[in-house]
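Novice: Contents of data_22.csv (CSV, C-alpha atoms and all ligand atoms) are given next:
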chain,number,residue,atom,x,y,z
V,1,MET,CA,140.1,122.4,-178.5
V,2,PRO,CA,137.7,124.6,-176.5
V,3,GLU,CA,138.0,124.8,-172.7
V,4,SER,CA,134.4,123.8,-172.1
V,5,ILE,CA,131.4,122.5,-174.0
V,6,ARG,CA,128.0,124.0,-173.6
V,7,ILE,CA,125.1,121.5,-173.9
V,8,ALA,CA,121.6,122.5,-174.6
V,9,ALA,CA,119.0,119.9,-173.8
V,10,ILE,CA,115.2,119.4,-174.1
V,11,GLY,CA,113.3,116.2,-173.8
V,12,ASP,CA,109.7,115.3,-174.3
V,13,LEU,CA,108.7,117.8,-177.0
V,14,HIS,CA,105.8,115.4,-177.9
V,15,ILE,CA,105.3,117.1,-181.2
V,16,ARG,CA,101.8,116.5,-182.7
V,17,THR,CA,100.5,119.0,-185.2
V,18,THR,CA,102.6,122.0,-184.1
V,19,VAL,CA,105.7,122.7,-182.1
V,20,PRO,CA,104.8,125.0,-179.1
V,21,SER,CA,106.0,128.4,-180.1
V,22,ALA,CA,107.8,128.9,-176.7
V,23,TYR,CA,110.0,126.0,-177.6
V,24,VAL,CA,110.6,127.2,-181.1
V,25,GLN,CA,111.7,130.6,-179.8
V,26,GLN,CA,114.1,128.9,-177.4
V,27,LEU,CA,115.5,126.6,-180.0
V,28,ILE,CA,116.0,128.9,-182.9
V,29,GLY,CA,119.3,130.6,-182.4
V,30,ILE,CA,120.4,128.2,-179.7
V,31,GLU,CA,123.8,127.9,-181.5
V,32,ASP,CA,124.6,131.3,-179.9
V,33,ARG,CA,124.2,129.7,-176.5
V,34,ALA,CA,125.3,126.1,-176.9
V,35,ASP,CA,127.7,123.9,-178.9
V,36,LEU,CA,125.5,120.8,-179.0
V,37,LEU,CA,121.7,120.1,-178.6
V,38,LEU,CA,120.6,116.9,-176.9
V,39,VAL,CA,117.1,115.6,-177.4
V,40,PRO,CA,116.5,112.6,-175.1
V,41,GLY,CA,113.4,111.1,-176.6
V,42,ASP,CA,109.6,111.5,-177.0
V,43,ILE,CA,110.4,113.9,-179.8
V,44,THR,CA,107.0,113.0,-181.2
V,45,ASN,CA,103.8,112.2,-179.5
V,46,GLY,CA,102.7,109.2,-181.5
V,47,GLY,CA,105.7,108.2,-183.6
V,48,ARG,CA,103.7,109.3,-186.7
V,49,ILE,CA,105.5,110.3,-189.9
V,50,GLN,CA,103.9,113.8,-190.1
V,51,GLU,CA,105.1,114.4,-186.5
V,52,VAL,CA,108.7,113.4,-187.2
V,53,GLU,CA,108.7,115.5,-190.4
V,54,LEU,CA,107.6,118.5,-188.3
V,55,ALA,CA,110.4,117.8,-185.9
V,56,ALA,CA,112.9,117.5,-188.7
V,57,GLU,CA,111.7,120.9,-190.1
V,58,LEU,CA,112.6,122.4,-186.7
V,59,PHE,CA,115.9,120.6,-186.3
V,60,ARG,CA,117.0,121.6,-189.8
V,61,ARG,CA,116.9,125.2,-188.7
V,62,ILE,CA,119.4,124.6,-185.9
V,63,GLU,CA,123.0,125.0,-186.8
V,64,ILE,CA,124.8,122.9,-184.1
V,65,PRO,CA,125.1,119.1,-183.9
V,66,ILE,CA,122.0,117.5,-182.5
V,67,ILE,CA,122.1,114.2,-180.8
V,68,GLY,CA,119.0,112.2,-179.8
V,69,VAL,CA,117.6,108.9,-178.5
V,70,LEU,CA,114.2,107.5,-179.1
V,71,GLY,CA,111.5,107.7,-176.4
V,72,ASN,CA,108.7,105.3,-175.8
V,73,HIS,CA,106.3,107.6,-177.7
V,74,ASP,CA,108.7,107.7,-180.7
V,75,ARG,CA,108.9,103.9,-180.6
V,76,ARG,CA,105.2,103.7,-181.4
V,77,THR,CA,106.1,104.3,-185.0
V,78,MET,CA,105.3,101.4,-187.3
V,79,ARG,CA,108.3,102.4,-189.5
V,80,ARG,CA,111.2,102.7,-187.1
V,81,LYS,CA,114.0,102.8,-189.8
V,82,TYR,CA,112.2,105.5,-191.8
V,83,PHE,CA,111.4,107.5,-188.7
V,84,VAL,CA,115.0,107.6,-187.7
V,85,SER,CA,116.2,108.4,-191.2
V,86,VAL,CA,113.9,111.5,-191.3
V,87,LEU,CA,115.7,112.7,-188.2
V,88,GLU,CA,119.2,111.8,-189.4
V,89,GLU,CA,118.6,113.6,-192.7
V,90,ALA,CA,117.7,116.7,-190.7
V,91,GLY,CA,121.1,116.5,-189.0
V,92,VAL,CA,120.2,114.6,-185.9
V,93,ARG,CA,122.5,111.8,-184.8
V,94,MET,CA,120.3,109.2,-183.2
V,95,LEU,CA,122.1,107.0,-180.7
V,96,ASP,CA,120.7,103.5,-180.0
V,97,GLY,CA,123.4,101.7,-178.1
V,98,GLU,CA,126.2,103.7,-179.7
V,99,ALA,CA,128.5,106.6,-178.7
V,100,TRP,CA,129.4,109.8,-180.4
V,101,GLU,CA,132.3,112.1,-179.7
V,102,TYR,CA,132.7,115.9,-179.9
V,103,MET,CA,135.9,117.7,-178.9
V,104,GLY,CA,136.8,115.6,-175.8
V,105,LEU,CA,133.2,114.9,-174.8
V,106,GLY,CA,131.8,111.4,-175.4
V,107,ILE,CA,128.1,110.8,-175.4
V,108,ALA,CA,126.6,107.3,-175.1
V,109,GLY,CA,122.9,107.0,-175.9
V,110,VAL,CA,120.3,104.4,-175.3
V,111,SER,CA,116.5,104.6,-174.6
V,112,GLY,CA,116.6,102.5,-171.5
V,113,SER,CA,113.3,101.2,-170.1
V,114,GLY,CA,111.2,101.0,-167.0
V,115,GLY,CA,111.8,98.1,-164.6
V,116,GLY,CA,112.0,99.8,-161.2
V,117,PHE,CA,114.6,100.4,-158.5
V,118,TRP,CA,114.2,97.5,-156.2
V,119,PRO,CA,116.3,96.2,-154.3
V,120,ASP,CA,118.3,99.5,-154.2
V,121,GLU,CA,115.2,101.4,-153.2
V,122,PRO,CA,111.9,100.4,-151.7
V,123,GLU,CA,110.1,97.7,-153.5
V,124,ASP,CA,107.9,98.8,-156.4
V,125,PRO,CA,104.2,97.9,-156.1
V,126,VAL,CA,104.0,96.0,-159.3
V,127,SER,CA,102.9,92.5,-160.2
V,128,ASN,CA,105.6,89.9,-160.8
V,129,ARG,CA,104.5,89.2,-164.3
V,130,ALA,CA,104.6,92.8,-165.4
V,131,TRP,CA,107.9,93.3,-163.8
V,132,GLN,CA,109.5,90.3,-165.4
V,133,ALA,CA,108.4,91.4,-168.8
V,134,LEU,CA,110.2,94.7,-168.3
V,135,ALA,CA,113.2,93.2,-166.6
V,136,VAL,CA,114.4,91.5,-169.7
V,137,ARG,CA,114.3,94.8,-171.7
V,138,ALA,CA,115.8,96.6,-168.7
V,139,ARG,CA,118.8,94.3,-168.6
V,140,ARG,CA,119.3,94.4,-172.4
V,141,GLU,CA,119.2,98.2,-172.5
V,142,ALA,CA,121.7,98.5,-169.6
V,143,ALA,CA,124.0,96.1,-171.3
V,144,ARG,CA,123.9,98.2,-174.5
V,145,LEU,CA,124.6,101.3,-172.5
V,146,ASP,CA,127.6,99.5,-170.8
V,147,ARG,CA,129.0,98.5,-174.3
V,148,ALA,CA,128.5,102.1,-175.7
V,149,LEU,CA,130.3,103.6,-172.7
V,150,SER,CA,133.1,101.1,-172.9
V,151,THR,CA,134.0,102.5,-176.4
V,152,LEU,CA,134.7,106.0,-175.0
V,153,ALA,CA,138.1,107.2,-173.9
V,154,THR,CA,137.2,111.0,-173.9
V,155,GLN,CA,138.1,113.4,-171.1
V,156,ARG,CA,134.4,113.8,-170.3
V,157,ARG,CA,131.6,111.2,-170.7
V,158,LEU,CA,127.9,111.7,-170.7
V,159,ALA,CA,125.1,109.2,-170.8
V,160,MET,CA,121.8,110.2,-172.6
V,161,LEU,CA,118.8,108.1,-171.8
V,162,HIS,CA,115.1,108.5,-172.1
V,163,PHE,CA,114.3,106.6,-168.9
V,164,SER,CA,115.8,107.5,-165.5
V,165,PRO,CA,118.6,105.7,-163.8
V,166,THR,CA,117.5,107.0,-160.3
V,167,THR,CA,114.4,107.9,-158.4
V,168,SER,CA,115.9,111.2,-157.3
V,169,THR,CA,114.8,113.0,-160.5
V,170,LEU,CA,111.3,111.4,-160.3
V,171,VAL,CA,110.3,113.1,-157.1
V,172,GLY,CA,107.0,114.8,-157.8
V,173,GLU,CA,105.7,111.7,-159.7
V,174,PRO,CA,103.4,109.3,-157.8
V,175,PRO,CA,105.8,106.7,-156.4
V,176,VAL,CA,103.5,103.9,-157.8
V,177,LYS,CA,104.6,105.0,-161.2
V,178,TYR,CA,108.4,104.9,-160.6
V,179,TRP,CA,108.8,101.4,-162.0
V,180,LEU,CA,107.5,102.7,-165.4
V,181,LEU,CA,109.9,105.6,-165.4
V,182,GLY,CA,113.3,104.0,-165.1
V,183,ASN,CA,115.4,101.3,-163.5
V,184,SER,CA,118.4,101.0,-161.2
V,185,ALA,CA,120.3,98.7,-163.7
V,186,LEU,CA,121.0,101.9,-165.7
V,187,GLY,CA,122.2,103.6,-162.5
V,188,HIS,CA,124.6,100.7,-161.9
V,189,ILE,CA,126.1,101.2,-165.4
V,190,VAL,CA,126.6,104.9,-165.2
V,191,GLU,CA,128.3,104.4,-161.7
V,192,LYS,CA,130.5,101.6,-163.0
V,193,HIS,CA,131.8,104.0,-165.8
V,194,GLN,CA,131.8,107.0,-163.5
V,195,VAL,CA,130.2,109.2,-166.2
V,196,ASP,CA,130.3,113.0,-165.6
V,197,MET,CA,126.6,113.4,-166.0
V,198,VAL,CA,123.4,111.7,-167.1
V,199,ILE,CA,120.7,113.5,-169.1
V,200,HIS,CA,117.2,111.9,-169.4
V,201,GLY,CA,113.6,112.8,-170.0
V,202,HIS,CA,110.3,110.7,-169.8
V,203,SER,CA,109.3,111.9,-166.3
V,204,HIS,CA,107.2,115.0,-167.1
V,205,ILE,CA,106.4,116.0,-163.5
V,206,GLY,CA,109.6,114.8,-161.8
V,207,SER,CA,112.6,116.9,-160.5
V,208,PRO,CA,115.3,118.6,-162.6
V,209,VAL,CA,118.3,117.6,-160.6
V,210,GLY,CA,119.3,114.4,-158.8
V,211,GLU,CA,122.0,111.8,-158.5
V,212,THR,CA,122.4,108.1,-158.4
V,213,PRO,CA,123.0,106.4,-155.0
V,214,GLY,CA,126.7,106.4,-155.9
V,215,GLY,CA,126.8,110.2,-156.7
V,216,VAL,CA,126.6,110.5,-160.5
V,217,PRO,CA,124.8,113.7,-161.3
V,218,VAL,CA,121.5,113.2,-163.2
V,219,PHE,CA,119.4,115.8,-164.9
V,220,ASN,CA,115.8,115.3,-165.9
V,221,VAL,CA,115.4,117.7,-168.9
V,222,ALA,CA,111.8,116.8,-169.8
V,223,ALA,CA,110.3,120.1,-171.1
V,224,GLY,CA,107.5,119.8,-168.6
V,225,VAL,CA,110.0,119.8,-165.7
V,226,THR,CA,112.5,122.5,-166.9
V,227,GLY,CA,110.0,124.7,-168.7
V,228,GLY,CA,112.1,124.4,-171.9
V,229,VAL,CA,115.7,124.3,-173.0
V,230,SER,CA,118.3,123.9,-170.2
V,231,ILE,CA,122.0,124.7,-170.7
V,232,HIS,CA,124.8,122.7,-169.0
V,233,THR,CA,128.5,123.8,-169.3
V,234,ILE,CA,131.1,121.1,-169.1
V,235,PRO,CA,134.7,122.1,-168.7
V,236,LEU,CA,137.0,119.7,-170.5
V,237,ASP,CA,139.4,119.8,-167.6
V,238,PRO,CA,137.9,117.0,-165.4
V,239,THR,CA,139.2,118.7,-162.3
V,240,LEU,CA,136.8,121.6,-162.9
V,241,PRO,CA,133.2,121.4,-161.8
V,242,ILE,CA,130.4,121.1,-164.3
V,243,SER,CA,127.9,124.0,-164.2
V,244,THR,CA,125.0,122.0,-163.2
V,245,SER,CA,122.0,124.2,-163.2
V,246,PRO,CA,119.4,123.1,-165.7
V,247,LEU,CA,117.4,126.0,-164.4
V,248,MET,CA,119.7,128.3,-166.4
V,249,LEU,CA,117.0,128.2,-169.0
V,250,ALA,CA,117.6,129.7,-172.4
V,251,ARG,CA,114.4,131.6,-172.0
V,252,VAL,CA,113.8,134.5,-174.4
V,301,FE,FE,107.3,111.9,-172.6
V,302,FE,FE,108.5,108.9,-172.4
What does the file become when written as structure tokens?
Ligand SMILES: [Fe+2]
Ligand SMILES: [Fe+2]
Specialist:
Amino acid sequence: MPESIRIAAIGDLHIRTTVPSAYVQQLIGIEDRADLLLVPGDITNGGRIQEVELAAELFRRIEIPIIGVLGNHDRRTMRRKYFVSVLEEAGVRMLDGEAWEYMGLGIAGVSGSGGGFWPDEPEDPVSNRAWQALAVRARREAARLDRALSTLATQRRLAMLHFSPTTSTLVGEPPVKYWLLGNSALGHIVEKHQVDMVIHGHSHIGSPVGETPGGVPVFNVAAGVTGGVSIHTIPLDPTLPISTSPLMLARV
């Protein structure tokens, strides 16, 4: 059993016709710097098959376990099962309400949804009808995260989401958009389970580091925010602090 696990993470690659060469450079050889790679959604820009095949080509060249969740852009695919199977065949374990374990670290993954942060935070400027439509999905995704985390009895536990469980990693985005970027139901679940950290994407111009109102550390690893791959080191001894700088970029 290792003493610590190094996690590389990059969200929101939004692959269309090419993968930006800066990201390819950072990802190829990442196995020298990390034990796992997390890709929290919006792997593709439009959910198209040629886009996911391009992503698979990249992921096949990476020699460490890769774990992902779908983002809202990936969910645009008309062929969800096939889309996921292309990633899985390239060695990516896609979590959708499930958990996965690696050497004492458990990862629960779900896309999550928008929905907003009221009443925990100031009311979102959104119509009742739009909010109600999202609220159903928000509650369902939070319940699925709850169930996935309940299956984990590992020393360390991490939640991977596409949407944010807190506004603290959205700072930089226009506040009128917050309700589209996450919801507080997710925050309640990660606090209930006292997870060691949350990784999410989706907010391209938010902030890299935050926490839920109850103090669970949250990292927005959208490539637009971090500039590329970030590395997080998690000691398996829960009394030791997690190295929490997503700004430790694996820049080349
Ligand atoms: Fe995105
Ligand atoms: Fe997104």
Novice: Of the candidates V:Pro119, V:Leu105, V:Val218, V:Val225, which shows the shortest atom-to-atom distance to ligand FE 301 (chain V), using all atoms listed in the file?
Specialist: V:Val225
Novice: For the contact check between chain V and ligand FE 301 (chain V), emit one row per residue of chain V within 12 Å, containing the shortest atom pair and the distance in Å rounded to one decimal, counting all atoms listed in the file, chain then rising number order, as a Markdown table.
Specialist:
| residue | atom | partner | partner_atom | distance |
| --- | --- | --- | --- | --- |
| V:Ile10 | CA | V:FE301 | FE | 11.0 |
| V:Gly11 | CA | V:FE301 | FE | 7.5 |
| V:Asp12 | CA | V:FE301 | FE | 4.5 |
| V:Leu13 | CA | V:FE301 | FE | 7.5 |
| V:His14 | CA | V:FE301 | FE | 6.5 |
| V:Ile15 | CA | V:FE301 | FE | 10.2 |
| V:Val39 | CA | V:FE301 | FE | 11.5 |
| V:Pro40 | CA | V:FE301 | FE | 9.6 |
| V:Gly41 | CA | V:FE301 | FE | 7.3 |
| V:Asp42 | CA | V:FE301 | FE | 5.0 |
| V:Ile43 | CA | V:FE301 | FE | 8.1 |
| V:Thr44 | CA | V:FE301 | FE | 8.7 |
| V:Asn45 | CA | V:FE301 | FE | 7.7 |
| V:Gly46 | CA | V:FE301 | FE | 10.4 |
| V:Gly47 | CA | V:FE301 | FE | 11.7 |
| V:Leu70 | CA | V:FE301 | FE | 10.5 |
| V:Gly71 | CA | V:FE301 | FE | 7.1 |
| V:Asn72 | CA | V:FE301 | FE | 7.5 |
| V:His73 | CA | V:FE301 | FE | 6.7 |
| V:Asp74 | CA | V:FE301 | FE | 9.2 |
| V:Arg75 | CA | V:FE301 | FE | 11.4 |
| V:Ser111 | CA | V:FE301 | FE | 11.9 |
| V:His162 | CA | V:FE301 | FE | 8.5 |
| V:Phe163 | CA | V:FE301 | FE | 9.5 |
| V:Ser164 | CA | V:FE301 | FE | 11.9 |
| V:Leu180 | CA | V:FE301 | FE | 11.7 |
| V:Leu181 | CA | V:FE301 | FE | 9.9 |
| V:His200 | CA | V:FE301 | FE | 10.4 |
| V:Gly201 | CA | V:FE301 | FE | 6.9 |
| V:His202 | CA | V:FE301 | FE | 4.3 |
| V:Ser203 | CA | V:FE301 | FE | 6.6 |
| V:His204 | CA | V:FE301 | FE | 6.3 |
| V:Ile205 | CA | V:FE301 | FE | 10.0 |
| V:Gly206 | CA | V:FE301 | FE | 11.4 |
| V:Asn220 | CA | V:FE301 | FE | 11.3 |
| V:Val221 | CA | V:FE301 | FE | 10.6 |
| V:Ala222 | CA | V:FE301 | FE | 7.2 |
| V:Ala223 | CA | V:FE301 | FE | 8.9 |
| V:Gly224 | CA | V:FE301 | FE | 8.9 |
| V:Val225 | CA | V:FE301 | FE | 10.8 |
Novice: List as a list in words the protein and nucleic acid residues near stretch 77-92 of chain V, meaning an atom at most 6 Å away when only C-alpha atoms are counted, but skip any in the same chain fewer than 4 places from it.
Specialist: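 Final neighbour list, sorted by chain and number: Gly47, Arg48, Ala56, Arg60, Ile66 and Ile67 of chain V.
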Novice: Got time to write the residues from that selection, C-alpha atoms, as an mmCIF file, keeping the file's coordinate frame?
Specialist:
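Output (part39.cif):
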data_model
loop_
_atom_site.group_PDB
_atom_site.id
_atom_site.type_symbol
_atom_site.label_atom_id
_atom_site.label_comp_id
_atom_site.auth_asym_id
_atom_site.auth_seq_id
_atom_site.Cartn_x
_atom_site.Cartn_y
_atom_site.Cartn_z
ATOM 1 C CA GLY V 47 105.700 108.200 -183.600
ATOM 2 C CA ARG V 48 103.700 109.300 -186.700
ATOM 3 C CA ALA V 56 112.900 117.500 -188.700
ATOM 4 C CA ARG V 60 117.000 121.600 -189.800
ATOM 5 C CA ILE V 66 122.000 117.500 -182.500
ATOM 6 C CA ILE V 67 122.100 114.200 -180.800
#
Novice: Given the choices V:Val136, V:Asp32, V:Val69, V:Leu158, which gets closest to ligand FE 302 (chain V) if the distance is worked out from only C-alpha atoms and all ligand atoms?
Specialist: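 Looking only at the distances to ligand FE 302 (chain V), the closest residue turns out to be V:Val69.
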Novice: Skipping near chain neighbours, those fewer than 2 positions away, what residues fall within 7 Å of V:Ile5 using only C-alpha atoms, listed as a ChimeraX atom specification?
Specialist: /V:7,35,233-235
Novice: Kindly indicate which residue among V:Gly112, V:Ala34, V:Pro217, V:Leu134 lies nearest to ligand FE 302 (chain V), using only C-alpha atoms and all ligand atoms for the distances.
Specialist: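 Among V:Gly112, V:Ala34, V:Pro217, V:Leu134, it is V:Gly112 that comes nearest to ligand FE 302 (chain V).
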Novice: Show which residues sit within 7 Å of V:Ile64, as a PyMOL selection string. Count all atoms listed in the file, and ignore same-chain residues fewer than 4 positions away.
Specialist: chain V and resi 31+35-37
Novice: I'd like the contact shell of stretch 142-145 of chain V - 8 Å cut-off, only C-alpha atoms, skipping same-chain residues fewer than 4 positions apart - returned as a VMD selection string.
Specialist: chain V and resid 97 to 98 108 to 110 112 138 149 185 to 186 189
